[in-house]
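Remarks on the structure that follows.
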Amino acid sequence: MYSDWVLTALGGIIFIWLGFLSFFVWKQNDFLGNLFPKSGERDIRKKFEETVKIISQFKGDLGDLKNKLSEIEQAGLKYIQRVELIRFNPYEDTGGDQSFAVTFLDNKGNGFVITSLHSRSGTRVFAKEVTNGRSGKYEFSKEEEEVVRKALRLRSG
């Protein structure tokens, strides 16, 4: 009633099916062998307790990492993050914008401004403290105010 090729095809399909099942059983045994090594006890409750303990330890480590990251972020606010430079000509008897004002500020607007005024007779350099974006003991020139204002408008990273 059935020809030989149908029985051969059916045998081949069954053989392939058994191969798939054997592979999945082998993978399952491998997983269970890793979960329950032969040297230890094979109690599922103990394995769950171990797993919960490991997860709790990871949660603690994650909390420590979050605290450390917060400390690093707070410390990072104190580093110079805003730098701005402008060049200008303060005197009419010199040519070109050889004078400059440069500011170095942290994220809170604290830092300093350095100004160099160049003339034919010489160059003068001034440094002034900046506190919260404002002048400290010494008043700012218009160029110094401008450079601080520009630096405070910079987006922090």
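Residues are named by chain letter and number: chains run A, B, ... in the order of the structure tokens, numbers start at 1 in each chain, and ligands are numbered from 1 in the order shown.
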field: Residue neighbourhood A:Lys78, 8 Å, only C-alpha atoms, exclusion window fewer than 3 positions, as a VMD selection string
entry: chain A and resid 74 to 75 106 to 108
File dump, residues just selected, C-alpha atoms, as a compact mmCIF listing (two decimals), in the first residue's frame:
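The resulting file, again_38.txt, is reproduced below:
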# COMPACT_ATOMS: atom_id res chain seq x y z
CA GLN A 74 29.51 66.74 43.18
CA ALA A 75 33.30 66.91 42.91
CA ASP A 106 33.57 76.06 37.40
CA ASN A 107 29.94 75.06 37.00
CA LYS A 108 28.85 77.38 39.83
A:Glu84: which residues within 9 Å, counting only C-alpha atoms, same-chain residues fewer than 2 positions away excluded, as an mmCIF file with C-alpha atoms, in the first residue's frame?
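The resulting selection_28.cif:
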data_model
loop_
_atom_site.group_PDB
_atom_site.id
_atom_site.type_symbol
_atom_site.label_atom_id
_atom_site.label_comp_id
_atom_site.auth_asym_id
_atom_site.auth_seq_id
_atom_site.Cartn_x
_atom_site.Cartn_y
_atom_site.Cartn_z
ATOM 1 C CA ARG A 82 33.582 77.134 31.390
ATOM 2 C CA ILE A 86 37.668 87.743 23.973
ATOM 3 C CA ALA A 101 40.414 88.774 28.635
ATOM 4 C CA VAL A 102 40.052 85.086 29.434
ATOM 5 C CA THR A 103 37.977 83.510 32.169
ATOM 6 C CA PHE A 104 38.124 80.069 33.769
ATOM 7 C CA LEU A 105 34.998 79.148 35.759
ATOM 8 C CA VAL A 147 33.773 87.383 29.028
ATOM 9 C CA VAL A 148 32.294 86.168 32.345
ATOM 10 C CA LYS A 150 29.629 84.608 27.874
ATOM 11 C CA ALA A 151 31.250 81.847 29.907
ATOM 12 C CA LEU A 154 27.969 78.102 27.952
#
- request: From a DSSP calculation on the backbone, collect every residue of chain A in helix (DSSP H, G or I) and output the set as a PyMOL selection string.
  value: chain A and resi 4-35+44-76+142-153
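Distance annotation: of A:Gly133, A:Gly12, A:Asp4, A:Gly96, the residue with the minimal separation from A:Leu152 is A:Gly133; atom set is only C-alpha atoms.
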Which residues are near stretch 141-143 of chain A? Cut-off 12 Å, only C-alpha atoms, ignore same chain within fewer than 3 positions. Put them as an mmCIF file with C-alpha atoms, in the first residue's frame.
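Output below, filename out.cif:
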data_model
loop_
_atom_site.group_PDB
_atom_site.id
_atom_site.type_symbol
_atom_site.label_atom_id
_atom_site.label_comp_id
_atom_site.auth_asym_id
_atom_site.auth_seq_id
_atom_site.Cartn_x
_atom_site.Cartn_y
_atom_site.Cartn_z
ATOM 1 C CA GLU A 84 35.856 81.969 27.343
ATOM 2 C CA LEU A 85 38.221 84.368 25.587
ATOM 3 C CA ILE A 86 37.668 87.743 23.973
ATOM 4 C CA ARG A 87 40.188 89.920 22.196
ATOM 5 C CA PHE A 88 39.872 93.695 22.081
ATOM 6 C CA ASN A 89 41.733 96.960 21.442
ATOM 7 C CA PRO A 90 41.680 99.111 24.613
ATOM 8 C CA SER A 99 44.681 92.666 24.295
ATOM 9 C CA PHE A 100 42.499 89.904 25.691
ATOM 10 C CA ALA A 101 40.414 88.774 28.635
ATOM 11 C CA VAL A 102 40.052 85.086 29.434
ATOM 12 C CA THR A 103 37.977 83.510 32.169
ATOM 13 C CA VAL A 113 39.610 86.289 34.919
ATOM 14 C CA ILE A 114 42.978 87.137 33.410
ATOM 15 C CA THR A 115 43.225 90.338 31.387
ATOM 16 C CA SER A 116 46.172 91.433 29.286
ATOM 17 C CA LEU A 117 46.304 95.039 28.100
ATOM 18 C CA PHE A 126 45.675 91.523 35.660
ATOM 19 C CA ALA A 127 43.963 88.629 37.425
ATOM 20 C CA LYS A 128 40.671 88.963 39.278
ATOM 21 C CA ARG A 134 30.351 88.313 40.056
ATOM 22 C CA SER A 135 33.468 90.335 40.787
ATOM 23 C CA TYR A 138 38.130 94.273 42.390
ATOM 24 C CA GLU A 146 31.427 90.381 28.929
ATOM 25 C CA VAL A 147 33.773 87.383 29.028
ATOM 26 C CA VAL A 148 32.294 86.168 32.345
ATOM 27 C CA ARG A 149 28.757 86.611 31.007
ATOM 28 C CA LYS A 150 29.629 84.608 27.874
#
- prompt: With only C-alpha atoms as the basis for distance, which of A:Glu145, A:Leu77, A:Arg153, A:Gln98 is at the shortest distance from A:Arg124?
  reply: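 Ranking A:Glu145, A:Leu77, A:Arg153, A:Gln98 by distance to A:Arg124, first place goes to A:Gln98.
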task: Find the distance between atom CA of A:Gly76 and atom CA of A:Val125 and write it in Å to one decimal.
output: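 If I compute the distance from atom CA of A:Gly76 to atom CA of A:Val125, I get 29.2 Å.
Going from atom CA of A:Gln28 over to atom CA of A:Ala9, you cover 28.8 Å.
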If DSSP is run on the backbone, what residues of stretch 2-128 of chain A are strand (DSSP E)? A reply as a CSV table (one decimal) with N, CA and C atoms, in the first residue's frame would be ideal.
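Contents of result_38.csv, as written:
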chain,number,residue,atom,x,y,z
A,82,ARG,N,34.0,76.0,32.3
A,82,ARG,CA,33.6,77.1,31.4
A,82,ARG,C,34.8,78.0,31.1
A,83,VAL,N,35.2,78.1,29.9
A,83,VAL,CA,36.3,78.9,29.5
A,83,VAL,C,35.9,79.8,28.3
A,84,GLU,N,36.2,81.0,28.4
A,84,GLU,CA,35.9,82.0,27.3
A,84,GLU,C,37.0,83.0,27.2
A,85,LEU,N,37.2,83.4,25.9
A,85,LEU,CA,38.2,84.4,25.6
A,85,LEU,C,37.6,85.4,24.7
A,86,ILE,N,38.0,86.7,24.9
A,86,ILE,CA,37.7,87.7,24.0
A,86,ILE,C,38.9,88.6,23.8
A,87,ARG,N,39.1,89.0,22.5
A,87,ARG,CA,40.2,89.9,22.2
A,87,ARG,C,39.6,91.3,21.9
A,88,PHE,N,40.4,92.3,22.3
A,88,PHE,CA,39.9,93.7,22.1
A,88,PHE,C,41.0,94.7,22.0
A,99,SER,N,45.0,92.8,22.9
A,99,SER,CA,44.7,92.7,24.3
A,99,SER,C,43.6,91.6,24.4
A,100,PHE,N,43.5,91.0,25.5
A,100,PHE,CA,42.5,89.9,25.7
A,100,PHE,C,42.1,89.8,27.1
A,101,ALA,N,40.9,89.2,27.3
A,101,ALA,CA,40.4,88.8,28.6
A,101,ALA,C,40.0,87.3,28.5
A,102,VAL,N,40.4,86.5,29.4
A,102,VAL,CA,40.1,85.1,29.4
A,102,VAL,C,39.6,84.7,30.8
A,103,THR,N,38.5,83.9,30.9
A,103,THR,CA,38.0,83.5,32.2
A,103,THR,C,37.9,82.0,32.3
A,104,PHE,N,38.2,81.5,33.5
A,104,PHE,CA,38.1,80.1,33.8
A,104,PHE,C,37.2,79.9,35.0
A,105,LEU,N,36.0,79.3,34.7
A,105,LEU,CA,35.0,79.1,35.8
A,105,LEU,C,34.6,77.7,35.9
A,111,GLY,N,35.8,81.2,39.9
A,111,GLY,CA,37.1,81.0,39.2
A,111,GLY,C,37.8,82.3,39.1
A,112,PHE,N,38.3,82.6,37.9
A,112,PHE,CA,39.1,83.9,37.8
A,112,PHE,C,39.1,84.4,36.4
A,113,VAL,N,39.5,85.6,36.2
A,113,VAL,CA,39.6,86.3,34.9
A,113,VAL,C,41.0,86.8,34.8
A,114,ILE,N,41.7,86.6,33.7
A,114,ILE,CA,43.0,87.1,33.4
A,114,ILE,C,42.8,88.1,32.2
A,115,THR,N,43.3,89.3,32.4
A,115,THR,CA,43.2,90.3,31.4
A,115,THR,C,44.6,90.8,31.0
A,116,SER,N,44.9,90.9,29.8
A,116,SER,CA,46.2,91.4,29.3
A,116,SER,C,45.9,92.7,28.4
A,117,LEU,N,46.5,93.8,28.8
A,117,LEU,CA,46.3,95.0,28.1
A,117,LEU,C,47.6,95.4,27.4
A,118,HIS,N,47.6,95.4,26.1
A,118,HIS,CA,48.8,95.6,25.3
A,118,HIS,C,48.8,97.0,24.7
A,119,SER,N,49.9,97.7,25.0
A,119,SER,CA,50.1,99.1,24.4
A,119,SER,C,51.5,99.2,23.8
A,122,GLY,N,54.1,98.8,26.5
A,122,GLY,CA,54.3,97.6,27.3
A,122,GLY,C,52.9,96.8,27.4
A,123,THR,N,53.0,95.7,28.1
A,123,THR,CA,51.8,94.9,28.3
A,123,THR,C,51.6,94.7,29.8
A,124,ARG,N,50.4,94.9,30.2
A,124,ARG,CA,50.1,94.7,31.6
A,124,ARG,C,49.1,93.5,31.8
A,125,VAL,N,49.3,92.7,32.8
A,125,VAL,CA,48.4,91.6,33.0
A,125,VAL,C,47.8,91.7,34.4
A,126,PHE,N,46.5,91.4,34.4
A,126,PHE,CA,45.7,91.5,35.7
A,126,PHE,C,44.9,90.2,35.9
A,127,ALA,N,44.8,89.8,37.1
A,127,ALA,CA,44.0,88.6,37.4
A,127,ALA,C,43.0,89.0,38.5
A,128,LYS,N,41.7,88.6,38.3
A,128,LYS,CA,40.7,89.0,39.3
A,128,LYS,C,39.8,87.7,39.6
